[in-house]
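S.K.: One structure is given below, represented as structure tokens, and several questions about it will come after.
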Amino acid sequence: MAHAHSVKRYRGMMDWLTTVDHKKIGILYLIAGGFFFLIGGLEAILIRIQLMYPENTFVAAHTFNELVTMHGTTMIFFAAMPLIFALMNAVVPLQIGARDVAYPFVNALSYWLFLAGGIILNVSWIFGGAPDAGWTAYVPLSGPDYGGNGVDFYVLGLQIAGLGTLIGGINFLVTIINMRAPGMSFMRMPLFTWTSFITSALILFAFPAITVGLVLLMFDRLFDGNFFNVEAGGNVVLWQHLFWIFGHPEVYILILPAFGVISEVVSTFSSKRLFGYSSMVFATVLIGFLGFMVWVHHMFTVGIGPVANSLFAIATMLIAVPTGIKIFNWIFTMWGGHIRYTTANLFAAGFIPTFVMGGVTGVMLAIPPADFQFHDSYFVVAHFHYVIVGGLVFGLFAALFYWWPKMFGRMLDETLGKITFWFFFLGFHLTFFIQHILGLEGMPRRVFTYLIEDGWHTSNFVSSIGAFAMTIGTLVLLWNIVATSLKPRNAPADPWDGRTLEWAISSPAPEYNFAQTPLVRGLDALWVEKTAGNKEMTPAEPIGPIHMPSPSILPIIMATGIFIAGFGFMYAREGFDNAFINMIFSNYLVAIFGLGITLVCMLLRSLYDDKGFHIEPEEFEDKGVKA
Amino acid sequence: MNMNRWKNVGRLTGFLVTMALLLTGCDGVLDPKGPVAREQLQLINLSFIIMIVVLVIVFGLFFYVLVRFRKRKGQTGIPEQVEGNHKLEIIWTVIPFLLLVIIAVPTVLYTFKFATDYTNDKNAIHVKVTGHQFWWEFEYTDKDLGLITANELVIPVGKKIALELTSADTLHSFWVPQLGGKIDTNPGMINKMYLEADIAAIYQGKCAELCGASHALMNFKVIAKSEADFAAWASQMKAEAVITEEAKEGEAIFTAKCLSCHAVSSDDRGAYPNLDGYAYRTRVAGVHPNDPQAENLRKWLSDTDHVKPGNNMGNQGLTDVEINELIKYLHELK
């Protein structure tokens with residue numbers, strides 16, 4: 001069969017800059033997210049060193065505020081989110097038997113926009129100071145009247161990264177709805193795909209809220225707006241609503257994929273199907289739905305009144321029910337199984353009790369009068385680190401050890417992995433358990449120091465020691481990754497006796513994923529075939545040429561354009577000494593130039609019809625890769 | 001057997017509560033000294049006990065499964081593939097729901113109770129609280145009082161203190177852990193809250209909402225006194241301070257350099273903390289002890305930014321001589 005389009009492929013660096021392959025984009029997300037995770041971790045260590053001793057002067061008060069702001073913002077938006085997108089990219093298309101996501105070009109654009117946003121946020125350290133108003137950026141402190149221009153980097157960086165996240169969410173929604181292999185009904189989808197689906201839906205509805213908030217704040221900061229200016233009739237609580245209408249669903253955007261990971265890992269390593277699959281799906285949907293109904297529990301002390309506080313308290317408590325269902329289903333998935341304690345499963349097993357502890361303090365926090373005491377104290381700090389580190393990060397680590405062979409074709413070292421687990425797990429509890437007590441002793445969060453008379457020094461010292469232990473665990477993981485990457489690429493297709501479709505193809509997956517789209521004959525599609533005595537999936541189509549999307553340099557250029565525009569807007573009123581630089585910034589020429597680049601790329605993409613290329617059967621049969 | 005198990009659970013809960021109390025110092029949420037904080041602690045304890053029950057059940061089940069069903073050497077075959085179990089699933093849906101109802105009912109009752117408005121109650125003491133970067137202004141609005149103080153809220157024991165709170169700049173949050181939970185101070189809005197102290201003592205107050213560089217140092221004290229002592233304090237505040245000859249020099253420096261911001265009469269507001277009754281303040285700038293040797297005051301006056309980074313007073317360039325005179329004067333502000 002002859003094809004009109006030429007096969008476009010790049011090699012080396014150019015391949016990574018132009019790739020639209022979901023597996024490579026997943027790796028890019030992993031590298032960038034991992035990098036930001038290390039930066040956020042470094043900030044955390046500096047915070048813990050400062051708090052080791054009372055009236056410590058390791059960092060200055062203002063620097064400390066920058067550190068807590070950047071730690072939170074980096075970890076949530078530029079570590080946790082991209083690491084989740086890394087997993088979704090690496091796994092979801094494989095789990096549903098698809099050859100790529102629905103919009104591969106848009107997928108690449110998502111990544112480069114996220115990276116542009118992350119770079120903008122982090123270069124603030126060298127461009128006059130990082131944002132210092134907390135990751136929640138509450139006005140008026142984040143407004144134009146306080147501090148330097150650090151918050152500009154927050155406002156622009158998050159808007160740009162948010163664009164990437166939003167279109168990424170839409171991409172995965174469309175992918176999961178439309179690209180499932182024949183026979184893969186919704187109720188046969190693996191739990192990780194289900195949670196990715198709900199997470200994408202939450203992204204679709206939650207990110208516009210923070211985008212609105214950020215745009216308003218940008219207007220206040222850069223264009224003399226008055227949305228949050230009380231003297232001009234603005235309202236400071238408005239920001240808090242917009243932030244948390246996004247912010248609370250964001251918590252579930254983060255944790256639901258981790259729930260999915262735990263479901264996959266626990267089931268695989270117990271050699272059992274997931275207990276109560278349909279109730280797991282139902283609980284996921286319900287958590288996603290209720291996640292939008294509870295944002296005011298972050299605002300019980302704002303003074304919204306007892307009616308709103310009571311309603312949001314009850315809605316918050318209700319979330320405990322579907323979450324409890326999940327916990328029990330995991331425990332009963334393990335019940336009667338043959339549990340193998342691989343590193344991935346250790347993290348999953350560590351997740352369950354840790355997350356339950358974070359969950360019960362969540363119920364306690366849902367009680368408004370009790371929250372009056374807990375709110376903005378270290379009790380809250382302990383709570384959200386239990387759910388985000390003990391929940392999400394344990395889930396991410398489980399996922400990395402579980403899917404590493406599928407992503408890279410190499411197995412991470414299990415001994416080093418277990419060392420990582422124990423350091424990280426014990427270090428985590430040492431760091432954060434005692435913070436519950438610090439909160440009850442009256443220690444507010446975001447304090448750069450405390451006095452000896454406060455009596456918090458022993459607990460803070462212990463907490464910092466725990467943070468060092470977590471650091472050792474993380475460094476061992478890095479060493480593991482480096483050591484593994486030097487080994488031969490010899491991971492088997494199915495190293496864990498897997499149950500789902502991704503284990504039916506080679507490790508790493510070929511660029512077209514499935515030579516023939518598989519036929520799905522039940523939940524745990526591969527397991528169904530295994531128990532039927534089949535060595536591989538039954539194909540749903542004859543062998544034929546595979547249509548592939550062309551790589552493109554446009555996404556990175558579009559993101560670069562917006563990146564330039566971001567600086568153009570931020571520095572429009574800077575007043576540079578150099579007359580020419582001053583002229584191009586103050587007349588918004590830099591901003592227009594940046595946006596122009598992006599618009600030209602969009603025009604090119606619209607006018608130039610790229611039909612992709614085909615991989616002929618001879619090519620992949622030669623390689624001996626089959627579905 | 002069953003009875004014993006419950007006894008054990010009871011003992012364990014008691015043990016954990018005691019442990020938590022022991023681990024905690026004496027001036028936190030777990031040691032309430034007024035009805036508001038006490039009722040809030042009751043809610044915390046109720047939810048804590050229920051949550052401990054949940055934890056014990058889940059942890060027990062979980063660790064049993066971890067050990068009992070680990071893969072053993074030589075184990076072959078495939079475990080039974082169980083789809084689910086409706087009875088179990090209903091149990092672990094309904095029981096948590098019922099536990100939540102037990103928590104939810106008092107939650108709603110107390111949420112409304114703490115929203116009670118005492119601002120029109122004649123028996124209450126009425127105070128307007130204004131948060132500033134990084135200090136607190138307290139204005140007693142009752143006719144017979146009519147005082148303005150800073151960083152130290154003096155109250156009579158056994159009386160409801162009706163607070164109306166706002167902010168002059170960024171958000172702050174008013175928190176006295178031993179007397180009650182916190183409420184935010186928002187610019188352009190007035191929040192209401194009430195507190196009450198049982199015993200005469202000094203209680204720690206903190207700002208609980210990030211408000212700038214010295215957020216950590218935006219401390220204040222609530223000083224509860226008997227009714228008689230409170231009345232004495234109030235009349236002392238109203239009486240004009242007697243400045244001796246020795247402090248006249250300091251007074252002149254103060255008038256020239258400080259008075260435009262700091263009032264020294266309890267019925268004046270001033271842009272920055274009112275210093276009337278400074279001699280009785282327990283703290284310098286709300287943070288360090290107001291020691292008789294005035295070491296902390298000296299440190300503060302010579303370099304305020306070192307003591308409280310980012311504060312609006314900044315370094316006034318006072319000479320050591322001026323500082324000494326000012327200290328004499330400030331210690332006579334009674």
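Chains: A, B, ... in order of the structure tokens. Residues: from 1 per chain. Ligands: from 1, in order shown.
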Within 6 Å of segment 564-572 of chain A, counting only C-alpha atoms, which residues qualify if same-chain residues fewer than 4 places away don't, as a ChimeraX atom specification?
M.R.: /A:585-586,590-591,594-595
S.K.: Could you save the residues just selected, with N, CA and C atoms, as a CSV table (one decimal), in the first residue's frame?
M.R.:
chain,number,residue,atom,x,y,z
A,585,PHE,N,9.2,47.5,26.3
A,585,PHE,CA,8.3,46.9,27.4
A,585,PHE,C,7.2,47.8,27.7
A,586,SER,N,7.4,49.1,27.8
A,586,SER,CA,6.3,50.0,28.3
A,586,SER,C,5.2,50.1,27.2
A,590,VAL,N,6.8,43.8,23.7
A,590,VAL,CA,7.3,42.5,24.0
A,590,VAL,C,6.2,41.5,24.2
A,591,ALA,N,5.1,42.0,24.9
A,591,ALA,CA,4.0,41.2,25.1
A,591,ALA,C,3.3,40.8,23.7
A,594,GLY,N,5.4,38.3,21.8
A,594,GLY,CA,5.2,37.0,22.3
A,594,GLY,C,3.9,36.4,21.8
A,595,LEU,N,2.8,37.1,22.0
A,595,LEU,CA,1.5,36.6,21.7
A,595,LEU,C,1.4,36.4,20.2
S.K.: For chain B, list the residues within 6 Å of chain A, counting only C-alpha atoms, and write the list as JSON, numbers by chain.
M.R.: {"B": [28, 29, 40, 44, 47, 51, 65, 69, 70, 71, 79, 81, 83, 84, 107, 108, 111, 112, 170, 181, 182, 183, 184, 188, 191, 208, 213, 216]}
S.K.: Would you mind writing down, as a compact mmCIF listing (two decimals) with C-alpha atoms, in the first residue's frame, each residue of segment 431-522 of chain A that DSSP on the backbone assigns to alpha helix (DSSP H)?
M.R.:
# COMPACT_ATOMS: atom_id res chain seq x y z
CA THR A 431 8.09 14.72 60.40
CA PHE A 432 4.36 15.16 60.34
CA PHE A 433 2.75 13.21 63.20
CA ILE A 434 4.16 15.52 65.82
CA GLN A 435 2.88 18.53 63.90
CA HIS A 436 -0.68 17.62 64.93
CA ILE A 437 0.41 18.19 68.52
CA LEU A 438 2.27 21.40 67.65
CA GLY A 439 -0.97 22.72 66.18
CA LEU A 440 -2.90 21.90 69.33
CA HIS A 457 11.36 23.52 70.10
CA THR A 458 11.62 19.78 70.91
CA SER A 459 8.74 18.87 68.62
CA ASN A 460 10.06 21.06 65.83
CA PHE A 461 13.51 19.52 66.18
CA VAL A 462 12.04 16.02 65.91
CA SER A 463 10.01 17.10 62.90
CA SER A 464 13.12 18.39 61.12
CA ILE A 465 14.99 15.13 61.78
CA GLY A 466 12.13 13.32 60.05
CA ALA A 467 12.48 15.63 57.05
CA PHE A 468 16.16 14.66 56.76
CA ALA A 469 15.18 10.99 56.75
CA MET A 470 12.73 11.68 53.89
CA THR A 471 15.56 13.41 52.05
CA ILE A 472 17.76 10.33 52.36
CA GLY A 473 14.93 8.20 50.98
CA THR A 474 14.56 10.54 48.01
CA LEU A 475 18.31 10.60 47.33
CA VAL A 476 18.39 6.78 47.34
CA LEU A 477 15.57 6.84 44.79
CA LEU A 478 17.60 9.21 42.59
CA TRP A 479 20.61 6.92 42.87
CA ASN A 480 18.33 4.00 41.97
CA ILE A 481 17.13 5.81 38.85
CA VAL A 482 20.67 6.64 37.73
CA ALA A 483 21.95 3.12 38.43
CA THR A 484 18.97 1.60 36.62
CA SER A 485 19.43 3.77 33.56
S.K.: Between atom CA of Tyr329 of chain B and atom CA of Phe254 of chain B, what is the spacing in Å?
M.R.: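 Separation of atom CA of Phe254 of chain B and atom CA of Tyr329 of chain B: 8.2 Å.
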S.K.: With a distance cut-off of 10 Å and only C-alpha atoms, select the neighbouring residues of Phe292 of chain A, excluding the residue or stretch itself and same-chain residues fewer than 4 positions from it, and output the selection as a PDB file with N, CA and C atoms, in the first residue's frame.
M.R.:
ATOM      1  N   LEU A 202     -12.675  16.915  36.669  1.00  0.00           N
ATOM      2  CA  LEU A 202     -12.513  17.923  37.725  1.00  0.00           C
ATOM      3  C   LEU A 202     -11.646  19.067  37.218  1.00  0.00           C
ATOM      4  N   PHE A 205     -13.668  21.505  35.178  1.00  0.00           N
ATOM      5  CA  PHE A 205     -14.561  22.414  35.894  1.00  0.00           C
ATOM      6  C   PHE A 205     -13.843  23.283  36.923  1.00  0.00           C
ATOM      7  N   ALA A 206     -12.715  22.805  37.444  1.00  0.00           N
ATOM      8  CA  ALA A 206     -12.071  23.549  38.538  1.00  0.00           C
ATOM      9  C   ALA A 206     -11.097  24.610  38.034  1.00  0.00           C
ATOM     10  N   TRP A 244     -10.645  28.635  46.329  1.00  0.00           N
ATOM     11  CA  TRP A 244     -11.008  27.326  46.891  1.00  0.00           C
ATOM     12  C   TRP A 244     -12.053  26.597  46.067  1.00  0.00           C
ATOM     13  N   ILE A 245     -12.823  27.322  45.251  1.00  0.00           N
ATOM     14  CA  ILE A 245     -13.720  26.612  44.319  1.00  0.00           C
ATOM     15  C   ILE A 245     -12.858  25.781  43.382  1.00  0.00           C
ATOM     16  N   PHE A 246     -11.679  26.312  43.071  1.00  0.00           N
ATOM     17  CA  PHE A 246     -10.679  25.507  42.388  1.00  0.00           C
ATOM     18  C   PHE A 246      -9.934  24.605  43.372  1.00  0.00           C
ATOM     19  N   GLY A 247      -9.513  25.203  44.489  1.00  0.00           N
ATOM     20  CA  GLY A 247      -8.541  24.562  45.370  1.00  0.00           C
ATOM     21  C   GLY A 247      -9.017  23.262  45.961  1.00  0.00           C
ATOM     22  N   HIS A 248     -10.290  23.184  46.342  1.00  0.00           N
ATOM     23  CA  HIS A 248     -10.681  21.912  46.913  1.00  0.00           C
ATOM     24  C   HIS A 248     -10.783  20.804  45.881  1.00  0.00           C
ATOM     25  N   PRO A 249     -11.462  21.042  44.748  1.00  0.00           N
ATOM     26  CA  PRO A 249     -11.408  19.990  43.711  1.00  0.00           C
ATOM     27  C   PRO A 249      -9.971  19.620  43.351  1.00  0.00           C
ATOM     28  N   GLU A 250      -9.065  20.592  43.403  1.00  0.00           N
ATOM     29  CA  GLU A 250      -7.651  20.314  43.120  1.00  0.00           C
ATOM     30  C   GLU A 250      -7.119  19.196  44.026  1.00  0.00           C
ATOM     31  N   TYR A 252      -8.726  16.731  45.074  1.00  0.00           N
ATOM     32  CA  TYR A 252      -9.192  15.451  44.519  1.00  0.00           C
ATOM     33  C   TYR A 252      -8.589  15.185  43.150  1.00  0.00           C
ATOM     34  N   ILE A 287     -16.937  11.065  45.029  1.00  0.00           N
ATOM     35  CA  ILE A 287     -15.913  11.938  45.626  1.00  0.00           C
ATOM     36  C   ILE A 287     -15.669  13.135  44.714  1.00  0.00           C
ATOM     37  N   GLY A 288     -15.592  12.875  43.411  1.00  0.00           N
ATOM     38  CA  GLY A 288     -15.372  13.951  42.455  1.00  0.00           C
ATOM     39  C   GLY A 288     -16.495  14.967  42.513  1.00  0.00           C
ATOM     40  N   VAL A 296     -15.931  25.759  51.114  1.00  0.00           N
ATOM     41  CA  VAL A 296     -15.965  26.709  52.230  1.00  0.00           C
ATOM     42  C   VAL A 296     -15.315  26.132  53.497  1.00  0.00           C
ATOM     43  N   ALA A 315     -21.493  18.550  54.129  1.00  0.00           N
ATOM     44  CA  ALA A 315     -21.044  18.063  52.819  1.00  0.00           C
ATOM     45  C   ALA A 315     -19.636  17.478  52.922  1.00  0.00           C
ATOM     46  N   THR A 316     -18.805  18.140  53.721  1.00  0.00           N
ATOM     47  CA  THR A 316     -17.430  17.658  53.869  1.00  0.00           C
ATOM     48  C   THR A 316     -17.406  16.292  54.547  1.00  0.00           C
TER      49      THR A 316
END
S.K.: So that I can check the surroundings of Ala398 of chain A, please list as a PyMOL selection string every protein, DNA and RNA residue that reaches within 8 Å of it, counting only C-alpha atoms and ignoring chain neighbours fewer than 5 positions away.
M.R.: chain A and resi 261-262+265+343-348
S.K.: Could those selected residues go to a file with C-alpha atoms, as an mmCIF file, in the first residue's frame?
M.R.:
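Written file, part_11.cif:
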data_model
loop_
_atom_site.group_PDB
_atom_site.id
_atom_site.type_symbol
_atom_site.label_atom_id
_atom_site.label_comp_id
_atom_site.auth_asym_id
_atom_site.auth_seq_id
_atom_site.Cartn_x
_atom_site.Cartn_y
_atom_site.Cartn_z
ATOM 1 C CA VAL A 261 -2.648 3.609 41.368
ATOM 2 C CA ILE A 262 -3.297 1.940 44.724
ATOM 3 C CA VAL A 265 -0.996 -2.083 42.581
ATOM 4 C CA THR A 343 8.556 -1.830 46.559
ATOM 5 C CA ALA A 344 5.479 -0.710 44.641
ATOM 6 C CA ASN A 345 3.242 -2.680 46.955
ATOM 7 C CA LEU A 346 5.089 -1.472 50.054
ATOM 8 C CA PHE A 347 4.254 2.083 49.067
ATOM 9 C CA ALA A 348 0.663 1.054 48.417
#
S.K.: Excluding segment 505-515 of chain A and its own-chain neighbours fewer than 3 positions away, which residues fall within 7 Å of it when counting only C-alpha atoms? Please give them as a CSV table (one decimal) with N, CA and C atoms, in the first residue's frame.
M.R.:
chain,number,residue,atom,x,y,z
A,94,LEU,N,-2.4,3.1,27.0
A,94,LEU,CA,-2.1,1.7,27.0
A,94,LEU,C,-3.2,0.9,27.7
A,99,ARG,N,-3.8,3.9,20.5
A,99,ARG,CA,-2.5,4.1,20.0
A,99,ARG,C,-1.9,5.4,20.4
A,405,PRO,N,9.2,-0.2,34.4
A,405,PRO,CA,9.6,-1.0,33.3
A,405,PRO,C,8.8,-0.7,32.0
A,406,LYS,N,7.5,-0.4,32.2
A,406,LYS,CA,6.7,-0.1,31.0
A,406,LYS,C,7.1,1.2,30.4
A,407,MET,N,7.6,2.2,31.2
A,407,MET,CA,8.0,3.4,30.6
A,407,MET,C,9.4,3.4,30.0
A,408,PHE,N,10.3,2.6,30.7
A,408,PHE,CA,11.7,2.7,30.3
A,408,PHE,C,12.3,1.4,29.9
A,409,GLY,N,11.6,0.3,30.0
A,409,GLY,CA,12.1,-1.0,29.7
A,409,GLY,C,13.2,-1.5,30.6
A,491,ALA,N,13.7,-5.3,30.6
A,491,ALA,CA,12.5,-5.7,31.4
A,491,ALA,C,11.5,-6.5,30.5
A,492,PRO,N,11.0,-7.5,31.1
A,492,PRO,CA,10.0,-8.3,30.4
A,492,PRO,C,8.7,-7.5,30.2
A,493,ALA,N,7.9,-8.0,29.3
A,493,ALA,CA,6.6,-7.3,29.0
A,493,ALA,C,5.7,-7.2,30.2
A,502,GLU,N,-1.8,-2.8,29.5
A,502,GLU,CA,-0.4,-2.3,29.3
A,502,GLU,C,0.6,-3.4,29.4
A,626,LYS,N,4.5,-7.7,18.6
A,626,LYS,CA,3.1,-8.0,18.3
A,626,LYS,C,2.2,-7.6,19.5
A,627,ALA,N,1.0,-7.5,19.2
A,627,ALA,CA,0.0,-7.2,20.2
A,627,ALA,C,0.0,-8.4,21.2
S.K.: If DSSP is run on the backbone, what residues of segment 162-207 of chain B are strand (DSSP E or B)? A reply as a ChimeraX atom specification would be ideal.
M.R.: /B:162-167,172-176,180-185,187,191-195,202-207
